[in-house]
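File shown: input-v4.cif (mmCIF, C-alpha atoms and all ligand atoms).
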```cif
data_upload
#
loop_
_atom_site.label_atom_id
_atom_site.label_comp_id
_atom_site.auth_asym_id
_atom_site.auth_seq_id
_atom_site.Cartn_x
_atom_site.Cartn_y
_atom_site.Cartn_z
CA MET A 1 97.38 92.79 111.40
CA ASN A 2 98.22 96.41 110.61
CA ARG A 3 101.74 97.64 110.05
CA PHE A 4 102.14 99.00 113.56
CA GLU A 5 101.00 95.74 115.18
CA SER A 6 103.40 93.76 113.07
CA ALA A 7 106.31 96.15 113.77
CA LYS A 8 105.48 95.99 117.47
CA GLU A 9 105.85 92.20 117.34
CA ILE A 10 109.18 92.42 115.62
CA TYR A 11 110.47 94.75 118.34
CA SER A 12 108.91 92.64 121.04
CA ALA A 13 110.91 89.61 119.88
CA LEU A 14 114.01 91.63 120.78
CA GLY A 15 112.58 92.48 124.19
CA ILE A 16 111.63 96.04 123.16
CA ASP A 17 108.29 97.51 124.20
CA ALA A 18 107.06 99.80 121.41
CA GLU A 19 103.93 100.85 123.33
CA ALA A 20 106.08 102.02 126.22
CA ALA A 21 108.30 103.94 123.79
CA LEU A 22 105.31 105.75 122.28
CA ALA A 23 104.04 106.72 125.72
CA LYS A 24 107.48 107.93 126.74
CA LEU A 25 107.95 110.07 123.63
CA ALA A 26 104.52 111.64 124.09
CA ASP A 27 105.80 112.97 127.38
CA VAL A 28 109.01 114.61 126.11
CA THR A 29 109.01 118.39 125.66
CA VAL A 30 111.08 119.98 122.90
CA SER A 31 111.74 123.69 123.19
CA VAL A 32 111.26 125.09 119.69
CA HIS A 33 113.29 128.20 118.77
CA CYS A 34 111.18 131.09 117.50
CA TRP A 35 114.06 132.51 115.43
CA GLN A 36 113.77 130.06 112.52
CA GLY A 37 110.71 132.04 111.38
CA ASP A 38 112.41 135.37 110.70
CA ASP A 39 116.10 134.59 110.25
CA VAL A 40 117.01 135.69 113.81
CA GLY A 41 115.66 139.18 113.07
CA GLY A 42 113.56 140.03 116.12
CA PHE A 43 111.30 143.05 116.53
CA ASP A 44 113.23 145.46 118.74
CA GLY A 45 115.28 147.34 116.17
CA ASP A 46 116.78 147.45 112.70
CA ASP A 47 120.26 146.34 113.64
CA ALA A 48 121.62 143.70 111.30
CA LEU A 49 122.28 140.23 112.67
CA SER A 50 125.67 140.26 114.38
CA GLY A 51 127.59 138.12 116.84
CA GLY A 52 129.34 135.87 114.37
CA ILE A 53 126.20 133.99 113.36
CA GLN A 54 124.61 134.15 109.95
CA THR A 55 121.42 133.15 108.19
CA THR A 56 121.86 132.57 104.48
CA GLY A 57 119.20 132.36 101.77
CA ASN A 58 116.25 134.49 100.73
CA TYR A 59 113.33 132.10 100.43
CA PRO A 60 110.10 134.11 100.32
CA GLY A 61 107.80 134.41 103.31
CA LYS A 62 109.93 135.52 106.23
CA ALA A 63 107.74 136.67 109.16
CA ARG A 64 107.94 140.46 109.43
CA THR A 65 105.70 141.16 112.40
CA PRO A 66 104.78 139.46 115.68
CA ASP A 67 101.41 138.47 114.22
CA GLU A 68 103.04 136.83 111.21
CA LEU A 69 105.56 135.01 113.38
CA MET A 70 102.83 133.79 115.72
CA ALA A 71 100.74 132.54 112.79
CA ASP A 72 103.78 130.72 111.37
CA ILE A 73 104.60 129.13 114.72
CA ASP A 74 100.98 127.98 114.95
CA LYS A 75 101.27 126.41 111.53
CA ALA A 76 104.51 124.67 112.42
CA PHE A 77 103.22 123.50 115.82
CA SER A 78 100.11 122.03 114.18
CA LEU A 79 102.43 119.76 112.20
CA ILE A 80 104.81 118.84 115.03
CA PRO A 81 103.65 116.03 117.32
CA GLY A 82 104.30 115.83 121.05
CA LYS A 83 104.86 118.45 123.74
CA LYS A 84 106.40 121.75 122.74
CA LYS A 85 107.65 124.91 124.41
CA LEU A 86 108.32 128.21 122.73
CA ASN A 87 111.89 129.45 122.95
CA LEU A 88 112.00 133.25 122.70
CA HIS A 89 114.86 135.74 122.47
CA ALA A 90 114.79 139.14 124.14
CA CYS A 91 114.93 140.84 120.72
CA TYR A 92 111.39 139.52 120.12
CA ALA A 93 109.95 142.11 122.54
CA ILE A 94 106.69 143.60 121.28
CA PHE A 95 106.58 147.33 122.01
CA ASP A 96 103.31 148.74 120.64
CA GLY A 97 104.62 152.29 120.94
CA ASN A 98 106.09 151.55 124.36
CA ARG A 99 109.73 151.20 123.31
CA ALA A 100 112.45 150.26 125.75
CA ASP A 101 116.10 149.45 125.29
CA ARG A 102 117.48 146.04 126.20
CA ASP A 103 118.56 147.21 129.67
CA ALA A 104 115.00 148.27 130.49
CA LEU A 105 112.85 145.40 129.22
CA LYS A 106 109.76 144.70 131.29
CA PRO A 107 106.98 142.08 131.39
CA GLU A 108 104.65 144.41 129.47
CA HIS A 109 106.94 144.03 126.44
CA PHE A 110 106.28 140.30 126.42
CA ALA A 111 102.66 140.30 127.52
CA LYS A 112 101.51 139.31 124.03
CA TRP A 113 103.81 136.29 124.03
CA VAL A 114 102.53 135.26 127.45
CA GLU A 115 98.97 135.58 126.20
CA TYR A 116 99.94 133.49 123.16
CA ALA A 117 101.54 130.78 125.32
CA LYS A 118 98.70 130.67 127.82
CA ALA A 119 96.10 130.30 125.08
CA ARG A 120 98.00 127.27 123.80
CA ASN A 121 98.94 125.91 127.22
CA ILE A 122 102.66 125.89 126.49
CA GLY A 123 105.69 127.10 128.41
CA ILE A 124 108.19 129.77 127.37
CA ASP A 125 111.98 129.49 127.44
CA PHE A 126 114.04 132.64 127.11
CA ASN A 127 117.35 134.07 125.93
CA PRO A 128 118.92 137.45 126.58
CA THR A 129 120.04 138.87 123.21
CA PHE A 130 123.69 139.91 123.43
CA PHE A 131 124.01 140.70 119.70
CA SER A 132 122.48 142.77 116.88
CA HIS A 133 122.65 145.98 118.94
CA ALA A 134 124.63 149.25 118.95
CA MET A 135 125.97 148.61 122.46
CA VAL A 136 127.99 145.63 121.24
CA LYS A 137 131.34 147.42 121.21
CA ASP A 138 134.29 146.01 119.31
CA GLY A 139 132.49 142.66 119.31
CA LEU A 140 132.24 142.57 123.11
CA THR A 141 129.34 142.68 125.58
CA LEU A 142 129.63 141.16 129.07
CA SER A 143 133.41 140.98 128.71
CA SER A 144 133.92 144.53 127.46
CA PRO A 145 136.71 146.60 129.01
CA ASP A 146 134.40 149.61 128.61
CA GLU A 147 132.55 149.68 131.91
CA GLU A 148 129.53 151.47 130.46
CA VAL A 149 129.13 148.74 127.83
CA ARG A 150 129.64 145.92 130.31
CA LYS A 151 127.12 147.44 132.73
CA PHE A 152 124.54 147.89 129.98
CA TRP A 153 124.69 144.20 129.16
CA VAL A 154 124.68 143.18 132.83
CA GLU A 155 121.47 145.17 133.21
CA HIS A 156 120.09 143.38 130.15
CA GLY A 157 120.90 140.04 131.74
CA LYS A 158 119.23 141.07 134.98
CA ARG A 159 116.07 142.18 133.17
CA CYS A 160 116.01 138.81 131.41
CA VAL A 161 116.24 136.90 134.71
CA GLU A 162 113.25 138.90 135.93
CA LEU A 163 111.41 138.20 132.69
CA SER A 164 112.15 134.47 132.93
CA ASP A 165 110.66 134.45 136.41
CA TYR A 166 107.60 136.21 135.02
CA PHE A 167 107.22 133.67 132.18
CA ALA A 168 107.44 130.74 134.60
CA LYS A 169 104.98 132.31 137.00
CA GLU A 170 102.48 133.25 134.30
CA THR A 171 102.55 130.08 132.24
CA GLY A 172 102.94 127.62 135.12
CA TYR A 173 105.79 125.92 133.23
CA PRO A 174 109.46 126.22 134.21
CA CYS A 175 111.50 128.66 132.15
CA VAL A 176 114.99 127.83 130.90
CA MET A 177 117.01 131.02 130.39
CA ASN A 178 120.08 130.55 128.26
CA ILE A 179 123.05 132.90 128.30
CA TRP A 180 125.20 132.97 125.20
CA ILE A 181 127.52 135.86 124.34
CA PRO A 182 129.30 136.25 121.03
CA ASP A 183 132.35 138.00 122.57
CA GLY A 184 135.66 137.15 120.99
CA TYR A 185 138.47 138.18 118.66
CA LYS A 186 139.17 137.62 115.00
CA ASP A 187 142.89 137.43 115.56
CA ILE A 188 145.25 136.27 118.24
CA PRO A 189 144.61 138.24 121.43
CA ALA A 190 147.34 139.69 123.63
CA ASP A 191 145.31 139.02 126.76
CA ARG A 192 143.02 136.02 127.00
CA LEU A 193 142.44 136.15 130.72
CA SER A 194 141.07 139.65 131.38
CA PRO A 195 138.01 139.30 129.11
CA ARG A 196 137.18 136.00 130.79
CA LEU A 197 137.52 137.50 134.26
CA ARG A 198 135.20 140.34 133.23
CA PHE A 199 132.70 137.84 131.81
CA LYS A 200 132.85 135.93 135.10
CA LYS A 201 132.21 139.10 137.10
CA SER A 202 129.31 140.04 134.81
CA LEU A 203 127.72 136.60 135.20
CA ASP A 204 128.05 136.86 138.99
CA GLU A 205 126.27 140.21 138.84
CA ILE A 206 123.47 138.88 136.64
CA LEU A 207 122.97 135.81 138.83
CA ALA A 208 122.67 138.00 141.93
CA THR A 209 119.24 138.98 140.63
CA PRO A 210 116.64 137.26 142.81
CA TYR A 211 114.70 134.50 141.01
CA ASP A 212 112.81 131.37 141.92
CA LYS A 213 115.28 128.54 141.37
CA SER A 214 112.54 125.94 141.42
CA ARG A 215 111.00 127.32 138.24
CA VAL A 216 113.79 129.20 136.45
CA PHE A 217 116.81 127.29 135.18
CA ILE A 218 119.70 129.41 133.98
CA THR A 219 121.96 127.79 131.42
CA LEU A 220 125.30 128.89 129.95
CA GLU A 221 126.23 128.06 126.34
CA SER A 222 129.84 127.79 125.20
CA LYS A 223 131.28 128.22 121.73
CA VAL A 224 134.57 127.58 119.99
CA PHE A 225 134.46 130.27 117.28
CA GLY A 226 132.17 132.50 115.22
CA ILE A 227 132.36 134.32 111.91
CA GLY A 228 134.89 137.11 112.46
CA LEU A 229 135.72 135.62 115.86
CA GLU A 230 137.91 132.83 114.63
CA SER A 231 140.80 132.99 117.06
CA TYR A 232 139.26 133.37 120.47
CA THR A 233 135.88 133.22 122.17
CA VAL A 234 135.53 134.45 125.74
CA GLY A 235 132.85 131.86 126.57
CA SER A 236 134.87 128.81 125.61
CA ALA A 237 133.90 125.25 126.59
CA GLU A 238 136.24 125.19 129.58
CA PHE A 239 135.12 128.58 130.78
CA CYS A 240 131.42 127.82 130.56
CA LEU A 241 131.65 124.36 132.05
CA SER A 242 133.77 125.55 134.96
CA TYR A 243 131.53 128.54 135.58
CA SER A 244 128.32 126.48 135.47
CA THR A 245 129.66 123.92 137.91
CA LYS A 246 130.93 126.56 140.30
CA ALA A 247 127.83 128.74 140.17
CA GLY A 248 125.39 125.85 140.25
CA ILE A 249 123.75 126.75 136.97
CA VAL A 250 123.13 124.43 134.03
CA PRO A 251 125.73 123.85 131.28
CA LEU A 252 124.38 124.01 127.72
CA MET A 253 126.04 122.32 124.77
CA ASP A 254 125.20 123.29 121.19
CA ASN A 255 126.46 120.60 118.84
CA GLY A 256 127.59 123.22 116.32
CA HIS A 257 129.97 124.76 118.84
CA TYR A 258 132.87 122.35 118.89
CA HIS A 259 135.71 121.39 116.60
CA PRO A 260 134.25 119.37 113.72
CA THR A 261 135.59 116.06 114.98
CA GLU A 262 134.32 116.58 118.54
CA LEU A 263 130.93 115.05 119.22
CA VAL A 264 128.39 116.26 121.75
CA SER A 265 127.04 112.70 121.94
CA ASP A 266 130.31 111.75 123.61
CA LYS A 267 130.17 114.67 126.05
CA ILE A 268 126.68 114.13 127.47
CA SER A 269 127.64 111.30 129.84
CA SER A 270 130.52 113.30 131.33
CA LEU A 271 128.20 116.18 132.07
CA LEU A 272 125.56 113.86 133.49
CA ALA A 273 128.15 112.51 135.89
CA PHE A 274 128.58 115.94 137.44
CA ASN A 275 125.32 117.83 136.88
CA GLU A 276 121.76 117.18 137.95
CA LYS A 277 120.49 119.00 134.84
CA ILE A 278 122.09 119.72 131.49
CA ALA A 279 120.80 121.51 128.39
CA LEU A 280 121.24 121.02 124.66
CA HIS A 281 120.86 123.10 121.51
CA ILE A 282 120.34 120.56 118.78
CA THR A 283 121.47 121.82 115.41
CA ARG A 284 123.52 120.63 112.42
CA GLY A 285 126.84 122.13 111.55
CA VAL A 286 128.09 121.58 108.02
CA ARG A 287 131.83 122.22 108.11
CA TRP A 288 131.25 125.06 110.57
CA ASP A 289 128.52 126.26 112.96
CA SER A 290 126.23 126.71 109.99
CA ASP A 291 122.98 125.91 111.81
CA HIS A 292 121.49 123.72 109.09
CA VAL A 293 118.14 122.01 109.72
CA VAL A 294 118.42 118.97 112.00
CA LEU A 295 118.26 115.69 110.06
CA PHE A 296 117.65 112.12 111.17
CA ASP A 297 121.38 111.56 110.97
CA ASP A 298 123.90 109.57 112.96
CA GLU A 299 124.91 112.28 115.42
CA THR A 300 121.33 113.31 116.18
CA LYS A 301 120.52 109.65 116.84
CA GLU A 302 123.62 109.22 118.98
CA ILE A 303 122.74 112.32 121.06
CA ALA A 304 119.24 110.93 121.57
CA LYS A 305 120.63 107.53 122.58
CA GLU A 306 122.81 109.11 125.23
CA ILE A 307 119.79 110.83 126.75
CA VAL A 308 117.50 107.82 126.60
CA ARG A 309 119.77 104.95 127.59
CA ASN A 310 121.12 106.91 130.54
CA ASP A 311 117.56 107.44 131.68
CA ALA A 312 118.11 111.19 131.58
CA LEU A 313 114.99 112.47 129.81
CA ASP A 314 114.00 114.44 132.89
CA ARG A 315 117.52 115.82 133.35
CA VAL A 316 118.14 117.20 129.86
CA PHE A 317 116.50 120.37 128.56
CA ILE A 318 116.15 119.69 124.84
CA ALA A 319 115.95 122.68 122.50
CA THR A 320 116.44 123.19 118.79
CA ASP A 321 118.66 125.95 117.38
CA TYR A 322 119.06 126.39 113.63
CA PHE A 323 118.12 128.96 111.02
CA ASP A 324 117.80 128.24 107.35
CA ALA A 325 116.48 130.94 105.02
CA SER A 326 117.07 128.98 101.83
CA ILE A 327 114.01 126.73 102.17
CA ASN A 328 110.45 127.18 103.40
CA ARG A 329 110.96 128.24 107.01
CA ILE A 330 107.94 126.37 108.33
CA SER A 331 109.11 123.19 106.70
CA ALA A 332 112.53 123.80 108.25
CA TRP A 333 110.91 123.99 111.69
CA VAL A 334 108.77 120.89 111.21
CA THR A 335 111.48 118.74 109.64
CA GLY A 336 114.09 119.63 112.27
CA VAL A 337 111.91 119.23 115.34
CA ARG A 338 110.35 116.02 114.03
CA ASN A 339 113.85 114.67 113.49
CA VAL A 340 114.76 115.33 117.12
CA GLN A 341 111.64 113.44 118.16
CA LYS A 342 112.29 110.68 115.65
CA ALA A 343 115.81 110.27 117.02
CA LEU A 344 114.43 110.02 120.56
CA LEU A 345 111.91 107.38 119.51
CA PHE A 346 114.61 105.49 117.65
CA ALA A 347 116.72 105.59 120.82
CA MET A 348 113.79 104.26 122.85
CA LEU A 349 113.60 101.27 120.49
CA GLN A 350 117.14 100.03 120.96
CA PRO A 351 117.99 96.78 122.80
CA ASP A 352 119.94 98.82 125.37
CA ALA A 353 120.06 96.34 128.22
CA LYS A 354 121.35 93.61 125.97
CA MET A 355 123.93 95.89 124.35
CA LYS A 356 125.27 97.06 127.71
CA GLN A 357 125.69 93.44 128.79
CA LEU A 358 127.59 92.64 125.61
CA GLN A 359 129.87 95.61 126.23
CA ASP A 360 130.61 94.47 129.78
CA LYS A 361 131.32 90.96 128.58
CA ALA A 362 133.62 92.47 125.94
CA ASP A 363 131.65 90.64 123.26
CA PHE A 364 132.13 93.38 120.70
CA THR A 365 131.38 91.10 117.78
CA SER A 366 127.83 90.45 119.00
CA LEU A 367 127.47 94.09 119.99
CA MET A 368 128.28 95.27 116.49
CA VAL A 369 125.93 92.75 114.87
CA LEU A 370 123.05 93.57 117.21
CA SER A 371 123.42 97.33 116.91
CA GLU A 372 123.53 97.07 113.10
CA GLU A 373 120.46 94.85 113.21
CA ALA A 374 118.58 97.44 115.27
CA LYS A 375 119.16 100.07 112.58
CA THR A 376 116.86 98.48 110.04
CA LEU A 377 113.98 97.20 112.16
CA HIS A 378 110.53 98.54 111.26
CA PHE A 379 111.07 101.93 112.82
CA GLY A 380 109.04 103.87 110.23
CA ASP A 381 105.85 102.07 111.23
CA ILE A 382 106.28 102.95 114.90
CA TRP A 383 106.93 106.60 114.00
CA ALA A 384 103.84 106.62 111.76
CA GLU A 385 101.81 105.30 114.68
CA PHE A 386 103.11 108.12 116.88
CA LEU A 387 101.97 110.73 114.33
CA ASN A 388 98.66 108.96 114.06
CA ARG A 389 98.04 108.94 117.80
CA GLN A 390 99.13 112.57 118.05
CA LYS A 391 96.71 113.42 115.25
CA VAL A 392 99.22 115.21 113.06
CA GLU A 393 99.51 114.61 109.32
CA SER A 394 102.47 112.55 108.25
CA ASP A 395 102.55 114.29 104.86
CA TYR A 396 103.22 117.87 105.92
CA LEU A 397 104.76 119.07 102.68
CA ASN A 398 101.48 119.66 100.85
CA ILE A 399 99.98 121.49 103.80
CA ILE A 400 103.02 123.73 103.99
CA LYS A 401 103.01 124.35 100.22
CA GLU A 402 99.39 125.42 100.47
CA TYR A 403 100.22 127.84 103.29
CA GLU A 404 103.10 129.14 101.21
CA GLU A 405 100.83 129.89 98.27
CA LYS A 406 98.05 131.40 100.35
CA VAL A 407 100.05 133.31 102.94
CA LEU A 408 103.82 133.37 102.59
CA VAL A 409 104.22 134.52 98.99
CA ASN A 410 102.11 137.61 99.71
CA ARG A 411 104.75 138.90 102.12
CA LYS A 412 106.85 141.15 99.93
C1 LIG B 1 125.00 131.00 118.53
C2 LIG B 1 124.29 130.20 119.57
C3 LIG B 1 123.01 130.77 120.08
C4 LIG B 1 122.16 131.36 118.98
C5 LIG B 1 120.79 131.78 119.40
C6 LIG B 1 120.12 132.64 118.39
O1 LIG B 1 126.04 130.36 117.95
O2 LIG B 1 124.09 128.90 119.11
O3 LIG B 1 122.34 129.81 120.80
O4 LIG B 1 122.04 130.49 117.90
O5 LIG B 1 120.87 132.39 120.64
ZN ZN B 2 122.90 127.59 120.31
#
```
Go ahead and express the file in the form of structure tokens.
Amino acid sequence: MNRFESAKEIYSALGIDAEAALAKLADVTVSVHCWQGDDVGGFDGDDALSGGIQTTGNYPGKARTPDELMADIDKAFSLIPGKKKLNLHACYAIFDGNRADRDALKPEHFAKWVEYAKARNIGIDFNPTFFSHAMVKDGLTLSSPDEEVRKFWVEHGKRCVELSDYFAKETGYPCVMNIWIPDGYKDIPADRLSPRLRFKKSLDEILATPYDKSRVFITLESKVFGIGLESYTVGSAEFCLSYSTKAGIVPLMDNGHYHPTELVSDKISSLLAFNEKIALHITRGVRWDSDHVVLFDDETKEIAKEIVRNDALDRVFIATDYFDASINRISAWVTGVRNVQKALLFAMLQPDAKMKQLQDKADFTSLMVLSEEAKTLHFGDIWAEFLNRQKVESDYLNIIKEYEEKVLVNRK
């Protein structure tokens, strides 16, 4: 008996169907963020990264052009099992001499990405880029008191809704468009309400753009603070959740965007109780919203469990969002996305029904023992079988090192 067959039997003795788990995982789509490949740089200008987010490290090999980024994404995707989507930001527009500002972006500026996605039969998710641009005034965009600034960013949002519709139509896959603004203040504001009311008005204006709601899902991402925006963010958790519910759009939680002792795994069920769809940015904060590579750690597993045991795989848009420039960027992609998938598989191999019963019977002793037991079953062999069936190498490090030597180190 091979290792998988024997692991399958061990799970089966606990009433867990490993074959069913493998089939289920093969059907889950993870939206992979393009911005790991070039440190959130983009191609539409030379503005430094702003918005209170930061990529640290200077590992060689950052993608400098669309062709390099596409080649790197191909490399990463060849080492990531399962279904993937490409998550793009508006700043990744490809101009080819046909420059346009953010308020005038058109499908032609993304035609190369559409061609790329179509050739690989994958969908595209999208994000307006409300940062790294001269029209960010005093740290504000959609909430700016300067009407010219606010309007510029509203127009950007509208263009992005149109682009999302174009991506969905062209690729045949739904497009998730996520709105996140960095707006906020370093120090204690004198007026917390007015910026939020302006943000609300701006969102209403953006959402008035016609789009096909059956194929474009607009999400709104909240945040508690950013670098240089420590005291106040306009798009706080309460604001974004209330707005999403009222406007009928999809709330998005990024697990780096809460106080360090708050856990997104505990929030998912509350959102599922009130929303048909929810969205996640899976990342890893270390002391702050540092966007470290996702690991196979407790919180990632707990997030995955909340999706799986609540039977919500078709209700949660799962995306990754991190950017590490201190290690090989392709390895960062592969390790992080594989860990999201690993956590989902792990969640699919839990004795959920039994554990729920124990909870309802208030038998917390048995519950603790069983859930500890489930942690050390032969999970690695089931994961190895998934890689095997998906025909991706389990040992990706050597392949990535080879690519680094042949391709990445030549990028000076
Ligand atoms: C920032 C948000 C946002 C960005 C990307 C680049 O804190 O998490 O999602 O990371 O849009
Ligand atoms: Zn995010």
Check: How would you write, as an MDAnalysis selection string, the set of residues no farther than 9 Å from ligand LIG 1 (chain B) when counting all atoms listed in the file?
Finding: chainID A and resid 33 35 40 51:54 89 127:131 178:182 221:223 225:226 253:257 281 283 289:291 321:323
Item checked: Separation of CA of Leu241 in chain A from CA of Glu262 in chain A, in Å and rounded to one decimal ->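 Separating CA of Leu241 in chain A from CA of Glu262 in chain A is a distance of 15.8 Å.
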Next item on the list: Select, from A:Gly184, A:Pro251, A:Gly42, A:Gly37, the residue with the minimum atom-to-atom distance to Ala332 in chain A, counting only C-alpha atoms.
Entry: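 Using only C-alpha atoms, the shortest distance to Ala332 in chain A belongs to A:Gly37.
For the residues A:Ile382, A:Ile282, A:Ala48, A:Val334, ranking by smallest atom-to-atom distance to ligand ZN 2 (chain B) using all atoms listed in the file places A:Ile282 first.
Ranking A:Lys342, A:Leu313, A:Ile10, A:Asp381 by their shortest atom-to-atom distance to Lys24 in chain A, with only C-alpha atoms included, puts A:Leu313 first.
Shortest atom-to-atom contact with Glu5 in chain A among A:Ala384, A:Leu271, A:Leu263, A:Ile278: A:Ala384, counting all atoms listed in the file.
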Notebook entry, point to check: Which of these, A:Leu280, A:Lys83, A:Ala71, A:Ala247, has the shortest distance to ligand ZN 2 (chain B) once you count all atoms listed in the file?
Noted result: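 Of A:Leu280, A:Lys83, A:Ala71, A:Ala247, the one nearest ligand ZN 2 (chain B), counting all atoms listed in the file, is A:Leu280.
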Would you mind completing range 252-275 of chain A so that it carries N, CA and C atoms, and writing it out as an mmCIF file, in the coordinates of the input?
```cif
data_model
loop_
_atom_site.group_PDB
_atom_site.id
_atom_site.type_symbol
_atom_site.label_atom_id
_atom_site.label_comp_id
_atom_site.auth_asym_id
_atom_site.auth_seq_id
_atom_site.Cartn_x
_atom_site.Cartn_y
_atom_site.Cartn_z
ATOM 1 N N LEU A 252 125.107 124.284 128.982
ATOM 2 C CA LEU A 252 124.380 124.010 127.720
ATOM 3 C C LEU A 252 125.399 123.737 126.619
ATOM 4 N N MET A 253 125.178 122.642 125.909
ATOM 5 C CA MET A 253 126.040 122.320 124.770
ATOM 6 C C MET A 253 125.227 122.447 123.483
ATOM 7 N N ASP A 254 125.780 123.169 122.531
ATOM 8 C CA ASP A 254 125.200 123.290 121.190
ATOM 9 C C ASP A 254 126.113 122.476 120.297
ATOM 10 N N ASN A 255 125.550 121.504 119.567
ATOM 11 C CA ASN A 255 126.460 120.600 118.840
ATOM 12 C C ASN A 255 127.094 121.227 117.599
ATOM 13 N N GLY A 256 126.842 122.519 117.365
ATOM 14 C CA GLY A 256 127.590 123.220 116.320
ATOM 15 C C GLY A 256 128.786 123.978 116.880
ATOM 16 N N HIS A 257 128.996 123.881 118.190
ATOM 17 C CA HIS A 257 129.970 124.760 118.840
ATOM 18 C C HIS A 257 131.274 124.094 119.258
ATOM 19 N N TYR A 258 131.631 123.049 118.557
ATOM 20 C CA TYR A 258 132.870 122.350 118.890
ATOM 21 C C TYR A 258 133.682 122.145 117.615
ATOM 22 N N HIS A 259 134.912 121.718 117.780
ATOM 23 C CA HIS A 259 135.710 121.390 116.600
ATOM 24 C C HIS A 259 134.970 120.288 115.846
ATOM 25 N N PRO A 260 135.074 120.293 114.515
ATOM 26 C CA PRO A 260 134.250 119.370 113.720
ATOM 27 C C PRO A 260 134.392 117.892 114.075
ATOM 28 N N THR A 261 135.483 117.479 114.644
ATOM 29 C CA THR A 261 135.590 116.060 114.980
ATOM 30 C C THR A 261 135.175 115.765 116.431
ATOM 31 N N GLU A 262 134.804 116.793 117.168
ATOM 32 C CA GLU A 262 134.320 116.580 118.540
ATOM 33 C C GLU A 262 132.828 116.334 118.491
ATOM 34 N N LEU A 263 132.345 115.380 119.268
ATOM 35 C CA LEU A 263 130.930 115.050 119.220
ATOM 36 C C LEU A 263 130.245 115.295 120.564
ATOM 37 N N VAL A 264 129.153 116.013 120.522
ATOM 38 C CA VAL A 264 128.390 116.260 121.750
ATOM 39 C C VAL A 264 127.855 114.954 122.321
ATOM 40 N N SER A 265 127.545 113.993 121.443
ATOM 41 C CA SER A 265 127.040 112.700 121.940
ATOM 42 C C SER A 265 128.031 112.062 122.915
ATOM 43 N N ASP A 266 129.310 112.325 122.713
ATOM 44 C CA ASP A 266 130.310 111.750 123.610
ATOM 45 C C ASP A 266 130.490 112.566 124.887
ATOM 46 N N LYS A 267 129.966 113.788 124.896
ATOM 47 C CA LYS A 267 130.170 114.670 126.050
ATOM 48 C C LYS A 267 129.032 114.563 127.072
ATOM 49 N N ILE A 268 127.858 114.125 126.606
ATOM 50 C CA ILE A 268 126.680 114.130 127.470
ATOM 51 C C ILE A 268 126.894 113.343 128.763
ATOM 52 N N SER A 269 127.463 112.147 128.641
ATOM 53 C CA SER A 269 127.640 111.300 129.840
ATOM 54 C C SER A 269 128.571 111.949 130.855
ATOM 55 N N SER A 270 129.612 112.638 130.382
ATOM 56 C CA SER A 270 130.520 113.300 131.330
ATOM 57 C C SER A 270 129.782 114.389 132.091
ATOM 58 N N LEU A 271 128.954 115.120 131.388
ATOM 59 C CA LEU A 271 128.200 116.180 132.070
ATOM 60 C C LEU A 271 127.149 115.602 133.012
ATOM 61 N N LEU A 272 126.556 114.487 132.608
ATOM 62 C CA LEU A 272 125.560 113.860 133.490
ATOM 63 C C LEU A 272 126.201 113.356 134.784
ATOM 64 N N ALA A 273 127.472 113.013 134.695
ATOM 65 C CA ALA A 273 128.150 112.510 135.890
ATOM 66 C C ALA A 273 128.358 113.597 136.944
ATOM 67 N N PHE A 274 128.298 114.852 136.504
ATOM 68 C CA PHE A 274 128.580 115.940 137.440
ATOM 69 C C PHE A 274 127.454 116.956 137.616
ATOM 70 N N ASN A 275 126.391 116.839 136.819
ATOM 71 C CA ASN A 275 125.320 117.830 136.880
ATOM 72 C C ASN A 275 123.967 117.155 136.998
#
```
